[in-house]
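Below: one structure, written as C-alpha coordinates.
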Amino acid sequence: MHQPCANGAQQRHVNGEATNGEVPSRTMAQTDQEIVRLIGQHLISIGLERSAALLMEESGLHLEHPAAATFRQHVLAGDWVKADHDLRALHELLRDSPLVDPHSLTEMKFLVLEQKYLEHLEAGRLLDALHSLRNELTPLQHDTARVHRLSALMMCASAGELRARARWAGTGLASRQAVLARVQAQLPPALMMAPGRLRALLAQAAQHQTQRCRFHCAPRPPADPERIPFTLLADHHCSPDAFPIHSLQVLNEHCDEVWYCKWSPDGLKLATGSKDNTVIIWDFDPEAKRLSFRKSLEGHTYGVSFLAWSPDGRYLIAAGPEDCPDLWIWNMETELLHLKMTHSQEDSLTAAAWHRAGDKFVCGGARGQFYHCALDGTLLSSWDGVRVNALCCREDARSVLAADTHHRVRLYDFTDLTDRNLIQEEHAVMAMTVNAADSLLLLNVANQGVHLWDIRARALVRRFRGLSQGHFTIHACFGGAHQDFIASGSEDNKVYIWHMNGEEPVAVVSGHTRCVNAVSWNPVHHDVLVSVSDDYSLRLWGPRSHRC
(Lines give C-alpha, C1' and ligand atoms only; values in the text may rest on other atoms or scores of the structure.)
Protein backbone atom coordinates (compact mmCIF):
# COMPACT_ATOMS: atom_id res chain seq x y z
CA MET A 1 0.00 0.00 0.00
CA HIS A 2 1.19 3.50 -0.77
CA GLN A 3 1.57 5.31 2.56
CA PRO A 4 1.18 9.11 2.48
CA CYS A 5 4.11 11.04 3.86
CA ALA A 6 5.31 14.61 4.05
CA ASN A 7 8.43 14.06 1.97
CA GLY A 8 7.47 12.64 -1.40
CA ALA A 9 7.86 13.41 -5.08
CA GLN A 10 8.64 17.00 -5.93
CA GLN A 11 5.80 19.33 -6.84
CA ARG A 12 6.13 22.85 -8.20
CA HIS A 13 2.83 24.13 -6.79
CA VAL A 14 0.26 23.11 -4.26
CA ASN A 15 -2.20 22.26 -7.03
CA GLY A 16 0.32 21.11 -9.62
CA GLU A 17 1.53 17.71 -10.65
CA ALA A 18 4.60 16.10 -9.13
CA THR A 19 7.76 16.46 -11.18
CA ASN A 20 10.31 13.77 -11.83
CA GLY A 21 13.34 15.91 -11.03
CA GLU A 22 15.94 14.62 -8.64
CA VAL A 23 15.32 15.20 -4.97
CA PRO A 24 18.21 17.17 -3.45
CA SER A 25 20.70 15.05 -1.62
CA ARG A 26 20.18 16.90 1.66
CA THR A 27 18.07 15.17 4.27
CA MET A 28 15.79 17.05 6.63
CA ALA A 29 14.43 16.07 10.00
CA GLN A 30 10.68 15.61 10.20
CA THR A 31 10.26 18.89 12.07
CA ASP A 32 12.23 20.79 9.43
CA GLN A 33 10.10 19.24 6.69
CA GLU A 34 6.94 20.36 8.45
CA ILE A 35 8.28 23.90 8.96
CA VAL A 36 9.03 24.16 5.24
CA ARG A 37 5.54 22.96 4.36
CA LEU A 38 3.98 25.42 6.80
CA ILE A 39 5.97 28.30 5.32
CA GLY A 40 5.07 27.21 1.79
CA GLN A 41 1.37 27.09 2.62
CA HIS A 42 1.53 30.55 4.22
CA LEU A 43 3.36 32.04 1.23
CA ILE A 44 0.60 30.85 -1.07
CA SER A 45 -2.09 32.20 1.26
CA ILE A 46 -0.62 35.71 1.00
CA GLY A 47 -0.18 35.52 -2.77
CA LEU A 48 3.53 34.67 -3.01
CA GLU A 49 2.98 31.60 -5.17
CA ARG A 50 6.27 31.80 -7.07
CA SER A 51 8.20 32.01 -3.82
CA ALA A 52 6.30 28.99 -2.53
CA ALA A 53 6.99 27.03 -5.72
CA LEU A 54 10.72 27.83 -5.51
CA LEU A 55 10.79 26.77 -1.85
CA MET A 56 9.12 23.46 -2.64
CA GLU A 57 11.42 22.83 -5.61
CA GLU A 58 14.59 23.56 -3.66
CA SER A 59 13.53 21.54 -0.62
CA GLY A 60 12.31 18.52 -2.58
CA LEU A 61 9.06 18.54 -0.60
CA HIS A 62 5.43 19.05 -1.52
CA LEU A 63 2.78 20.82 0.49
CA GLU A 64 0.34 17.96 0.29
CA HIS A 65 -0.02 14.64 -1.45
CA PRO A 66 -0.62 14.98 -5.21
CA ALA A 67 -3.97 13.20 -4.88
CA ALA A 68 -5.03 15.69 -2.22
CA ALA A 69 -3.87 18.65 -4.32
CA THR A 70 -5.86 17.40 -7.30
CA PHE A 71 -8.90 16.83 -5.10
CA ARG A 72 -8.66 20.41 -3.80
CA GLN A 73 -8.44 21.78 -7.34
CA HIS A 74 -11.49 19.86 -8.54
CA VAL A 75 -13.64 20.69 -5.50
CA LEU A 76 -12.94 24.41 -5.83
CA ALA A 77 -13.76 24.18 -9.55
CA GLY A 78 -17.01 22.31 -8.85
CA ASP A 79 -15.95 19.36 -11.01
CA TRP A 80 -17.75 16.73 -8.93
CA VAL A 81 -17.09 13.76 -11.18
CA LYS A 82 -13.34 14.28 -10.98
CA ALA A 83 -13.54 15.17 -7.26
CA ASP A 84 -15.30 11.86 -6.62
CA HIS A 85 -12.54 10.06 -8.54
CA ASP A 86 -9.88 11.88 -6.49
CA LEU A 87 -11.65 10.96 -3.29
CA ARG A 88 -11.53 7.29 -4.24
CA ALA A 89 -7.76 7.62 -4.69
CA LEU A 90 -7.49 9.17 -1.24
CA HIS A 91 -9.60 6.36 0.20
CA GLU A 92 -7.21 3.82 -1.30
CA LEU A 93 -4.31 5.57 0.42
CA LEU A 94 -6.14 5.56 3.74
CA ARG A 95 -8.01 2.27 3.62
CA ASP A 96 -5.66 0.40 5.93
CA SER A 97 -4.48 3.41 7.93
CA PRO A 98 -5.03 3.05 11.70
CA LEU A 99 -5.24 6.86 11.90
CA VAL A 100 -8.52 7.11 9.99
CA ASP A 101 -11.88 5.73 11.08
CA PRO A 102 -13.78 3.98 8.23
CA HIS A 103 -16.77 6.08 9.27
CA SER A 104 -14.72 9.17 8.45
CA LEU A 105 -14.11 7.93 4.91
CA THR A 106 -17.85 7.64 4.38
CA GLU A 107 -18.41 11.08 5.89
CA MET A 108 -15.92 12.62 3.44
CA LYS A 109 -17.74 11.11 0.47
CA PHE A 110 -21.08 12.23 1.90
CA LEU A 111 -19.85 15.83 2.25
CA VAL A 112 -18.78 15.99 -1.40
CA LEU A 113 -21.99 14.42 -2.67
CA GLU A 114 -24.09 16.69 -0.45
CA GLN A 115 -22.47 19.76 -2.02
CA LYS A 116 -23.02 18.30 -5.48
CA TYR A 117 -26.71 17.65 -4.71
CA LEU A 118 -27.28 21.16 -3.35
CA GLU A 119 -25.63 22.79 -6.36
CA HIS A 120 -27.84 20.76 -8.72
CA LEU A 121 -30.91 21.86 -6.77
CA GLU A 122 -29.94 25.54 -6.75
CA ALA A 123 -29.35 25.46 -10.53
CA GLY A 124 -32.77 23.87 -11.10
CA ARG A 125 -31.33 20.56 -12.30
CA LEU A 126 -33.92 18.52 -10.42
CA LEU A 127 -33.33 15.25 -12.28
CA ASP A 128 -29.58 15.43 -11.64
CA ALA A 129 -30.26 16.23 -7.98
CA LEU A 130 -32.71 13.32 -7.69
CA HIS A 131 -30.18 10.97 -9.31
CA SER A 132 -27.50 12.08 -6.84
CA LEU A 133 -29.86 11.63 -3.90
CA ARG A 134 -31.14 8.17 -4.91
CA ASN A 135 -28.08 6.59 -6.47
CA GLU A 136 -25.18 8.22 -4.59
CA LEU A 137 -26.18 9.60 -1.20
CA THR A 138 -28.79 7.04 -0.11
CA PRO A 139 -26.67 3.92 -0.90
CA LEU A 140 -23.98 5.18 1.48
CA GLN A 141 -26.38 4.34 4.37
CA HIS A 142 -24.81 7.21 6.29
CA ASP A 143 -26.72 9.65 8.53
CA THR A 144 -30.20 8.68 7.40
CA ALA A 145 -31.82 11.63 9.18
CA ARG A 146 -29.60 14.00 7.21
CA VAL A 147 -30.56 12.29 3.96
CA HIS A 148 -34.22 12.80 4.83
CA ARG A 149 -33.61 16.49 5.45
CA LEU A 150 -31.85 16.78 2.11
CA SER A 151 -34.71 15.07 0.29
CA ALA A 152 -37.17 17.56 1.80
CA LEU A 153 -35.25 20.36 0.09
CA MET A 154 -36.59 19.15 -3.25
CA MET A 155 -39.78 21.01 -2.36
CA CYS A 156 -38.11 24.43 -2.07
CA ALA A 157 -39.80 26.99 -4.31
CA SER A 158 -36.74 29.15 -4.85
CA ALA A 159 -32.96 29.19 -4.55
CA GLY A 160 -33.26 31.61 -1.63
CA GLU A 161 -35.55 29.25 0.25
CA LEU A 162 -33.12 26.39 -0.43
CA ARG A 163 -30.16 28.32 0.97
CA ALA A 164 -32.14 29.38 4.03
CA ARG A 165 -33.51 25.94 4.86
CA ALA A 166 -30.20 24.17 4.19
CA ARG A 167 -28.22 26.89 6.02
CA TRP A 168 -25.95 26.88 3.02
CA ALA A 169 -24.02 29.72 1.36
CA GLY A 170 -24.96 28.65 -2.15
CA THR A 171 -22.86 27.58 -5.12
CA GLY A 172 -19.49 29.26 -5.05
CA LEU A 173 -16.07 29.46 -3.50
CA ALA A 174 -17.27 29.95 0.10
CA SER A 175 -19.38 26.80 0.31
CA ARG A 176 -16.76 24.72 -1.56
CA GLN A 177 -14.02 25.90 0.78
CA ALA A 178 -16.28 24.93 3.68
CA VAL A 179 -16.57 21.41 2.23
CA LEU A 180 -12.79 21.22 1.87
CA ALA A 181 -12.29 22.32 5.46
CA ARG A 182 -14.67 19.63 6.74
CA VAL A 183 -12.98 16.97 4.60
CA GLN A 184 -9.55 18.11 5.76
CA ALA A 185 -10.63 17.57 9.36
CA GLN A 186 -10.92 13.87 8.55
CA LEU A 187 -7.56 13.54 6.76
CA PRO A 188 -4.06 13.09 8.22
CA PRO A 189 -2.06 16.33 7.90
CA ALA A 190 0.62 14.53 5.88
CA LEU A 191 -1.96 14.21 3.11
CA MET A 192 -3.65 17.60 3.40
CA MET A 193 -2.82 20.38 5.85
CA ALA A 194 -5.58 22.39 7.44
CA PRO A 195 -5.77 25.89 5.94
CA GLY A 196 -3.91 28.67 7.73
CA ARG A 197 -1.98 26.19 9.84
CA LEU A 198 1.02 28.45 10.48
CA ARG A 199 -1.19 31.32 11.65
CA ALA A 200 -3.12 28.94 13.90
CA LEU A 201 0.11 27.70 15.52
CA LEU A 202 1.31 31.27 16.09
CA ALA A 203 -2.02 32.21 17.66
CA GLN A 204 -1.73 29.23 20.00
CA ALA A 205 1.82 30.28 20.89
CA ALA A 206 0.59 33.82 21.64
CA GLN A 207 -2.10 32.42 23.95
CA HIS A 208 0.46 30.28 25.74
CA GLN A 209 2.85 33.20 26.22
CA THR A 210 0.17 35.40 27.75
CA GLN A 211 -0.82 32.56 30.08
CA ARG A 212 2.77 32.28 31.26
CA CYS A 213 3.50 36.02 31.36
CA ARG A 214 4.57 37.13 34.82
CA PHE A 215 2.47 40.33 34.77
CA HIS A 216 -0.30 39.76 32.20
CA CYS A 217 -3.48 40.48 34.14
CA ALA A 218 -5.51 41.90 31.22
CA PRO A 219 -7.84 39.73 29.10
CA ARG A 220 -5.85 37.37 26.93
CA PRO A 221 -6.17 37.90 23.18
CA PRO A 222 -8.58 35.47 21.53
CA ALA A 223 -6.99 32.60 19.61
CA ASP A 224 -7.53 34.52 16.37
CA PRO A 225 -4.98 33.61 13.68
CA GLU A 226 -5.77 36.86 11.87
CA ARG A 227 -4.91 39.12 14.80
CA ILE A 228 -1.98 38.62 17.16
CA PRO A 229 -1.72 41.81 19.26
CA PHE A 230 2.01 41.76 19.91
CA THR A 231 5.21 41.13 17.99
CA LEU A 232 6.25 37.62 17.08
CA LEU A 233 9.91 38.58 16.93
CA ALA A 234 10.42 38.28 20.70
CA ASP A 235 8.77 36.54 23.64
CA HIS A 236 5.83 38.40 25.16
CA HIS A 237 6.50 40.07 28.51
CA CYS A 238 4.18 42.63 30.12
CA SER A 239 5.80 45.48 31.98
CA PRO A 240 5.21 45.59 35.75
CA ASP A 241 4.24 49.24 35.21
CA ALA A 242 0.73 48.09 34.23
CA PHE A 243 0.42 45.64 37.13
CA PRO A 244 -1.52 46.60 40.32
CA ILE A 245 1.51 47.01 42.56
CA HIS A 246 1.77 50.82 42.57
CA SER A 247 0.11 52.76 45.37
CA LEU A 248 -2.68 54.97 43.99
CA GLN A 249 -4.59 55.93 47.16
CA VAL A 250 -4.47 55.60 50.92
CA LEU A 251 -7.88 56.01 52.57
CA ASN A 252 -8.29 56.51 56.31
CA GLU A 253 -12.04 56.99 56.87
CA HIS A 254 -12.26 54.00 59.24
CA CYS A 255 -11.33 54.77 62.84
CA ASP A 256 -10.20 51.28 63.84
CA GLU A 257 -8.73 48.12 62.31
CA VAL A 258 -10.09 47.32 58.84
CA TRP A 259 -10.82 43.60 58.65
CA TYR A 260 -12.32 42.93 55.24
CA CYS A 261 -12.84 44.32 51.74
CA LYS A 262 -14.83 43.15 48.73
CA TRP A 263 -15.59 44.61 45.29
CA SER A 264 -19.12 44.51 43.94
CA PRO A 265 -19.65 42.14 40.97
CA ASP A 266 -19.66 45.06 38.51
CA GLY A 267 -16.38 46.39 39.92
CA LEU A 268 -17.80 49.88 40.51
CA LYS A 269 -18.28 49.73 44.28
CA LEU A 270 -16.11 48.56 47.14
CA ALA A 271 -17.31 47.53 50.60
CA THR A 272 -14.96 47.57 53.58
CA GLY A 273 -15.72 46.28 57.09
CA SER A 274 -14.02 47.41 60.26
CA LYS A 275 -13.67 46.84 63.95
CA ASP A 276 -15.27 50.32 64.28
CA ASN A 277 -18.69 48.65 63.65
CA THR A 278 -19.20 50.19 60.21
CA VAL A 279 -19.31 49.12 56.61
CA ILE A 280 -18.14 51.84 54.23
CA ILE A 281 -19.26 51.77 50.59
CA TRP A 282 -16.89 53.39 48.11
CA ASP A 283 -17.48 54.39 44.49
CA PHE A 284 -14.77 53.50 41.99
CA ASP A 285 -13.95 55.62 38.95
CA PRO A 286 -12.36 53.23 36.44
CA GLU A 287 -10.95 56.05 34.29
CA ALA A 288 -9.24 57.99 37.05
CA LYS A 289 -8.72 54.79 39.08
CA ARG A 290 -9.82 56.48 42.28
CA LEU A 291 -12.11 55.53 45.16
CA SER A 292 -14.46 58.05 46.71
CA PHE A 293 -16.54 57.77 49.87
CA ARG A 294 -20.21 56.97 49.15
CA LYS A 295 -21.93 55.91 52.38
CA SER A 296 -21.32 54.44 55.81
CA LEU A 297 -23.63 51.58 56.81
CA GLU A 298 -23.86 51.76 60.57
CA GLY A 299 -25.49 49.99 63.49
CA HIS A 300 -23.38 46.85 63.68
CA THR A 301 -22.54 46.11 67.29
CA TYR A 302 -19.67 43.64 67.06
CA GLY A 303 -17.47 44.94 64.26
CA VAL A 304 -17.60 43.71 60.66
CA SER A 305 -15.15 40.96 59.76
CA PHE A 306 -16.73 39.52 56.61
CA LEU A 307 -18.74 40.82 53.62
CA ALA A 308 -20.46 39.03 50.75
CA TRP A 309 -22.13 40.70 47.76
CA SER A 310 -25.01 38.86 46.11
CA PRO A 311 -24.15 37.77 42.55
CA ASP A 312 -26.31 40.54 41.07
CA GLY A 313 -24.86 43.17 43.42
CA ARG A 314 -28.27 44.04 44.92
CA TYR A 315 -27.56 42.83 48.46
CA LEU A 316 -24.62 42.82 50.82
CA ILE A 317 -24.23 40.47 53.79
CA ALA A 318 -22.20 41.73 56.74
CA ALA A 319 -20.97 39.31 59.43
CA GLY A 320 -19.06 39.96 62.61
CA PRO A 321 -16.35 38.28 64.71
CA GLU A 322 -16.85 35.15 66.81
CA ASP A 323 -19.03 36.78 69.48
CA CYS A 324 -21.52 38.12 66.91
CA PRO A 325 -24.91 36.30 66.75
CA ASP A 326 -26.31 38.62 64.07
CA LEU A 327 -26.17 38.74 60.31
CA TRP A 328 -26.93 42.01 58.54
CA ILE A 329 -28.26 42.09 54.97
CA TRP A 330 -28.21 45.48 53.25
CA ASN A 331 -30.21 46.41 50.16
CA MET A 332 -27.59 48.13 48.02
CA GLU A 333 -30.12 49.70 45.68
CA THR A 334 -31.81 51.63 48.50
CA GLU A 335 -28.76 51.52 50.77
CA LEU A 336 -31.08 50.59 53.62
CA LEU A 337 -31.05 47.60 55.94
CA HIS A 338 -32.99 44.75 54.36
CA LEU A 339 -32.78 42.33 57.25
CA LYS A 340 -31.06 41.78 60.57
CA MET A 341 -31.09 38.03 61.16
CA THR A 342 -30.66 36.48 64.60
CA HIS A 343 -31.72 32.91 65.32
CA SER A 344 -30.23 32.68 68.78
CA GLN A 345 -28.13 34.87 71.02
CA GLU A 346 -25.86 31.84 71.44
CA ASP A 347 -25.06 31.79 67.72
CA SER A 348 -21.80 32.84 66.14
CA LEU A 349 -22.45 33.92 62.54
CA THR A 350 -19.03 34.79 61.13
CA ALA A 351 -19.17 33.38 57.58
CA ALA A 352 -21.68 33.54 54.72
CA ALA A 353 -21.98 32.74 51.02
CA TRP A 354 -24.63 33.34 48.36
CA HIS A 355 -26.00 30.75 45.98
CA ARG A 356 -25.40 31.69 42.35
CA ALA A 357 -29.06 32.68 41.81
CA GLY A 358 -28.86 35.22 44.66
CA ASP A 359 -32.13 34.09 46.26
CA LYS A 360 -30.61 31.98 49.04
CA PHE A 361 -27.52 32.03 51.21
CA VAL A 362 -25.74 29.95 53.82
CA CYS A 363 -24.17 31.21 57.02
CA GLY A 364 -22.44 29.74 60.03
CA GLY A 365 -19.80 30.07 62.68
CA ALA A 366 -17.34 28.32 64.93
CA ARG A 367 -19.89 27.58 67.70
CA GLY A 368 -21.68 24.93 65.65
CA GLN A 369 -24.27 26.86 63.62
CA PHE A 370 -24.74 26.17 59.90
CA TYR A 371 -27.90 27.58 58.33
CA HIS A 372 -29.43 27.56 54.85
CA CYS A 373 -31.70 30.61 54.47
CA ALA A 374 -33.98 32.38 52.02
CA LEU A 375 -33.47 36.04 51.22
CA ASP A 376 -36.10 37.04 53.76
CA GLY A 377 -34.22 35.19 56.52
CA THR A 378 -36.48 32.12 56.55
CA LEU A 379 -34.55 29.10 57.78
CA LEU A 380 -34.76 26.45 55.03
CA SER A 381 -32.54 23.81 56.61
CA SER A 382 -29.63 23.50 58.98
CA TRP A 383 -26.82 21.19 60.09
CA ASP A 384 -26.27 20.74 63.78
CA GLY A 385 -22.83 20.79 65.34
CA VAL A 386 -20.90 21.94 62.24
CA ARG A 387 -18.31 24.46 63.40
CA VAL A 388 -17.65 26.66 60.37
CA ASN A 389 -14.72 28.97 59.65
CA ALA A 390 -15.50 29.71 55.98
CA LEU A 391 -18.15 28.95 53.35
CA CYS A 392 -18.37 28.83 49.54
CA CYS A 393 -21.38 27.90 47.39
CA ARG A 394 -20.85 25.70 44.34
CA GLU A 395 -22.20 26.56 40.90
CA ASP A 396 -24.62 23.61 40.95
CA ALA A 397 -26.89 25.66 43.29
CA ARG A 398 -27.25 22.75 45.71
CA SER A 399 -23.90 22.07 47.37
CA VAL A 400 -21.77 24.15 49.73
CA LEU A 401 -18.12 23.90 50.76
CA ALA A 402 -17.50 24.46 54.45
CA ALA A 403 -14.11 24.79 56.12
CA ASP A 404 -14.56 23.54 59.69
CA THR A 405 -12.60 23.59 62.91
CA HIS A 406 -11.25 20.06 62.23
CA HIS A 407 -8.95 21.42 59.49
CA ARG A 408 -11.25 19.99 56.80
CA VAL A 409 -13.21 21.25 53.85
CA ARG A 410 -16.40 19.24 53.53
CA LEU A 411 -19.08 19.30 50.85
CA TYR A 412 -22.67 19.63 52.07
CA ASP A 413 -25.60 18.95 49.75
CA PHE A 414 -28.69 20.81 50.94
CA THR A 415 -30.97 18.96 48.51
CA ASP A 416 -30.58 15.48 49.95
CA LEU A 417 -28.80 16.52 53.20
CA THR A 418 -25.68 14.47 52.55
CA ASP A 419 -22.09 15.45 53.23
CA ARG A 420 -18.62 14.12 52.54
CA ASN A 421 -15.02 15.01 53.20
CA LEU A 422 -13.26 16.82 50.36
CA ILE A 423 -9.96 18.21 51.66
CA GLN A 424 -7.94 17.58 54.80
CA GLU A 425 -5.32 20.10 55.93
CA GLU A 426 -2.86 19.68 58.78
CA HIS A 427 -3.67 23.07 60.30
CA ALA A 428 -6.75 25.25 60.69
CA VAL A 429 -8.33 26.68 57.56
CA MET A 430 -8.84 30.36 58.41
CA ALA A 431 -10.35 31.59 55.13
CA MET A 432 -11.44 30.15 51.80
CA THR A 433 -12.47 31.32 48.33
CA VAL A 434 -13.38 29.52 45.11
CA ASN A 435 -12.53 30.70 41.59
CA ALA A 436 -15.13 31.76 39.03
CA ALA A 437 -14.86 28.44 37.18
CA ASP A 438 -15.70 26.57 40.40
CA SER A 439 -12.66 24.36 39.88
CA LEU A 440 -10.00 25.73 42.23
CA LEU A 441 -10.11 26.46 45.95
CA LEU A 442 -7.84 28.91 47.73
CA LEU A 443 -7.22 28.32 51.44
CA ASN A 444 -5.48 30.49 53.99
CA VAL A 445 -4.08 27.94 56.45
CA ALA A 446 -2.81 28.82 59.92
CA ASN A 447 0.97 28.59 60.23
CA GLN A 448 1.17 27.50 56.59
CA GLY A 449 0.07 30.32 54.31
CA VAL A 450 -1.90 30.03 51.08
CA HIS A 451 -2.73 26.66 49.52
CA LEU A 452 -4.34 26.08 46.11
CA TRP A 453 -6.49 22.95 45.67
CA ASP A 454 -8.08 21.34 42.63
CA ILE A 455 -11.65 20.65 43.76
CA ARG A 456 -12.52 17.92 41.27
CA ALA A 457 -9.23 16.05 41.69
CA ARG A 458 -9.17 16.77 45.45
CA ALA A 459 -5.46 17.43 45.01
CA LEU A 460 -3.15 20.10 46.38
CA VAL A 461 -1.90 22.07 43.39
CA ARG A 462 0.51 24.51 45.03
CA ARG A 463 1.74 25.98 48.29
CA PHE A 464 2.58 29.64 47.81
CA ARG A 465 5.66 30.89 49.61
CA GLY A 466 6.77 34.09 51.23
CA LEU A 467 3.89 35.44 53.30
CA SER A 468 3.67 35.36 57.06
CA GLN A 469 0.55 33.79 58.57
CA GLY A 470 0.10 32.58 62.12
CA HIS A 471 -3.37 32.30 63.65
CA PHE A 472 -4.78 35.60 62.41
CA THR A 473 -7.53 35.42 59.80
CA ILE A 474 -5.97 36.52 56.51
CA HIS A 475 -8.03 36.55 53.31
CA ALA A 476 -6.55 35.77 49.88
CA CYS A 477 -8.22 36.15 46.48
CA PHE A 478 -7.96 35.20 42.83
CA GLY A 479 -7.17 38.01 40.39
CA GLY A 480 -6.60 39.04 36.80
CA ALA A 481 -8.95 38.75 33.85
CA HIS A 482 -8.56 34.96 33.79
CA GLN A 483 -7.83 34.57 37.50
CA ASP A 484 -4.24 33.59 36.77
CA PHE A 485 -3.02 35.39 39.89
CA ILE A 486 -3.32 34.94 43.64
CA ALA A 487 -3.06 37.83 46.10
CA SER A 488 -2.99 37.69 49.88
CA GLY A 489 -2.43 39.87 52.88
CA SER A 490 0.21 38.94 55.42
CA GLU A 491 1.10 39.45 59.06
CA ASP A 492 4.37 41.11 57.99
CA ASN A 493 2.36 44.16 56.76
CA LYS A 494 2.80 43.36 53.04
CA VAL A 495 0.69 42.26 50.09
CA TYR A 496 1.93 39.19 48.22
CA ILE A 497 1.02 38.35 44.62
CA TRP A 498 1.77 35.06 42.87
CA HIS A 499 1.19 33.76 39.37
CA MET A 500 -0.85 30.58 39.40
CA ASN A 501 2.05 28.66 37.85
CA GLY A 502 4.69 29.46 40.46
CA GLU A 503 5.23 29.14 44.19
CA GLU A 504 7.40 32.24 44.57
CA PRO A 505 5.72 35.67 44.56
CA VAL A 506 5.92 37.78 41.41
CA ALA A 507 5.47 40.90 43.54
CA VAL A 508 5.61 41.93 47.20
CA VAL A 509 4.27 45.41 47.91
CA SER A 510 4.81 47.45 51.04
CA GLY A 511 2.97 50.41 52.44
CA HIS A 512 0.85 49.23 55.34
CA THR A 513 2.34 49.52 58.82
CA ARG A 514 0.41 46.67 60.47
CA CYS A 515 -1.04 43.30 59.51
CA VAL A 516 -2.78 43.21 56.11
CA ASN A 517 -6.04 41.35 56.79
CA ALA A 518 -7.61 41.08 53.34
CA VAL A 519 -7.14 41.87 49.67
CA SER A 520 -9.66 42.09 46.86
CA TRP A 521 -8.85 42.19 43.13
CA ASN A 522 -11.34 44.10 41.00
CA PRO A 523 -13.36 41.51 39.01
CA VAL A 524 -13.90 43.83 36.01
CA HIS A 525 -11.10 46.39 36.02
CA HIS A 526 -8.26 43.94 36.35
CA ASP A 527 -5.44 46.41 36.94
CA VAL A 528 -6.58 47.47 40.41
CA LEU A 529 -6.37 45.75 43.78
CA VAL A 530 -7.39 46.84 47.28
CA SER A 531 -5.85 45.85 50.61
CA VAL A 532 -7.02 46.59 54.17
CA SER A 533 -5.05 46.56 57.38
CA ASP A 534 -4.98 46.83 61.13
CA ASP A 535 -3.37 50.25 60.56
CA TYR A 536 -6.95 51.59 60.01
CA SER A 537 -6.36 52.15 56.29
CA LEU A 538 -7.20 50.71 52.94
CA ARG A 539 -4.89 51.07 49.98
CA LEU A 540 -5.72 51.06 46.28
CA TRP A 541 -3.02 49.55 44.08
CA GLY A 542 -2.89 49.97 40.32
CA PRO A 543 -0.72 50.79 37.29
CA ARG A 544 2.17 53.23 37.57
CA SER A 545 0.56 55.57 35.04
CA HIS A 546 -2.19 56.50 37.54
CA ARG A 547 0.02 57.31 40.52
CA CYS A 548 -0.48 60.75 42.00
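We label chains A, B, ... in the order they appear in the C-alpha coordinates, count residues from 1 in each chain, and number ligands from 1 in the order shown.
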Helix (DSSP H, G or I) positions in segment 62-254 of chain A, given as a PyMOL selection string: chain A and resi 66-77+80-94+102-122+126-140+144-155+159-166+173-184+197-212+240-242
Residues of segment 74-303 of chain A in strand (DSSP E), written as number ranges by chain: A: 246-251, 258-263, 269-274, 279-285, 290-297
Residue neighbourhood Val112 of chain A, 10 Å, only C-alpha atoms, exclusion window fewer than 4 positions, as a PyMOL selection string: chain A and resi 75+78+80+83-84+87+107-108+116-117+137+176+179-180+182-183
Counting only C-alpha atoms, the residue of A:Phe110, A:Tyr496, A:Trp541, A:Tyr412 that sits nearest His525 of chain A: A:Trp541
Residues of segment 257-331 of chain A at most 12 Å from segment 427-437 of chain A: nearest atom pair and distance in Å, only C-alpha atoms, as a Markdown table:
| residue | atom | partner | partner_atom | distance |
| --- | --- | --- | --- | --- |
| A:Tyr260 | CA | A:Ala431 | CA | 11.5 |
| A:Pro265 | CA | A:Ala436 | CA | 11.5 |
| A:Ser305 | CA | A:Ala431 | CA | 11.5 |
| A:Phe306 | CA | A:Ala431 | CA | 10.3 |
| A:Ala308 | CA | A:Thr433 | CA | 11.4 |
| A:Pro311 | CA | A:Ala436 | CA | 11.4 |
Next, write the just-selected residues to a file, as a short mmCIF file (atom, residue, chain, number, x, y, z; two decimals), in the first residue's frame, keeping N, CA, C and O atoms as the atom set.
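Generated output (part.cif):
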data_model
loop_
_atom_site.label_atom_id
_atom_site.label_comp_id
_atom_site.auth_asym_id
_atom_site.auth_seq_id
_atom_site.Cartn_x
_atom_site.Cartn_y
_atom_site.Cartn_z
N TYR A 260 -11.91 43.63 56.47
CA TYR A 260 -12.32 42.93 55.24
C TYR A 260 -12.62 43.95 54.14
O TYR A 260 -12.98 45.10 54.42
N PRO A 265 -19.85 42.92 42.20
CA PRO A 265 -19.65 42.14 40.97
C PRO A 265 -19.38 42.99 39.73
O PRO A 265 -18.69 42.53 38.82
N SER A 305 -16.35 41.71 60.15
CA SER A 305 -15.15 40.96 59.76
C SER A 305 -15.31 40.20 58.45
O SER A 305 -14.36 39.59 57.96
N PHE A 306 -16.53 40.23 57.88
CA PHE A 306 -16.73 39.52 56.61
C PHE A 306 -17.87 40.18 55.84
O PHE A 306 -18.87 40.62 56.43
N ALA A 308 -20.17 39.84 51.94
CA ALA A 308 -20.46 39.03 50.75
C ALA A 308 -21.54 39.72 49.92
O ALA A 308 -22.66 39.92 50.38
N PRO A 311 -24.70 37.82 43.92
CA PRO A 311 -24.15 37.77 42.55
C PRO A 311 -24.62 38.89 41.64
O PRO A 311 -23.90 39.28 40.72
#
Close residues, segment 386-395 of chain A itself excluded, 10 Å, only C-alpha atoms, min 2 positions apart in chain, as a PyMOL selection string: chain A and resi 306+322+348-357+361-371+382-384+397-413+428-434+436-439+441+443+473
Interface rows for segment 471-538 of chain A against segment 230-240 of chain A: nearest pair, Å to one decimal, 12 Å, only C-alpha atoms, as a tab-separated table:
residue	atom	partner	partner_atom	distance
A:Val506	CA	A:Pro240	CA	9.7
A:Ala507	CA	A:Pro240	CA	9.1
A:Asp527	CA	A:Pro240	CA	10.8
Pick from A:Val524, A:Ala89, A:Leu111, A:Ala174, whichever lies nearest to Thr70 of chain A using only C-alpha atoms: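 When distances to Thr70 of chain A are compared using only C-alpha atoms, the smallest one comes from A:Ala89.
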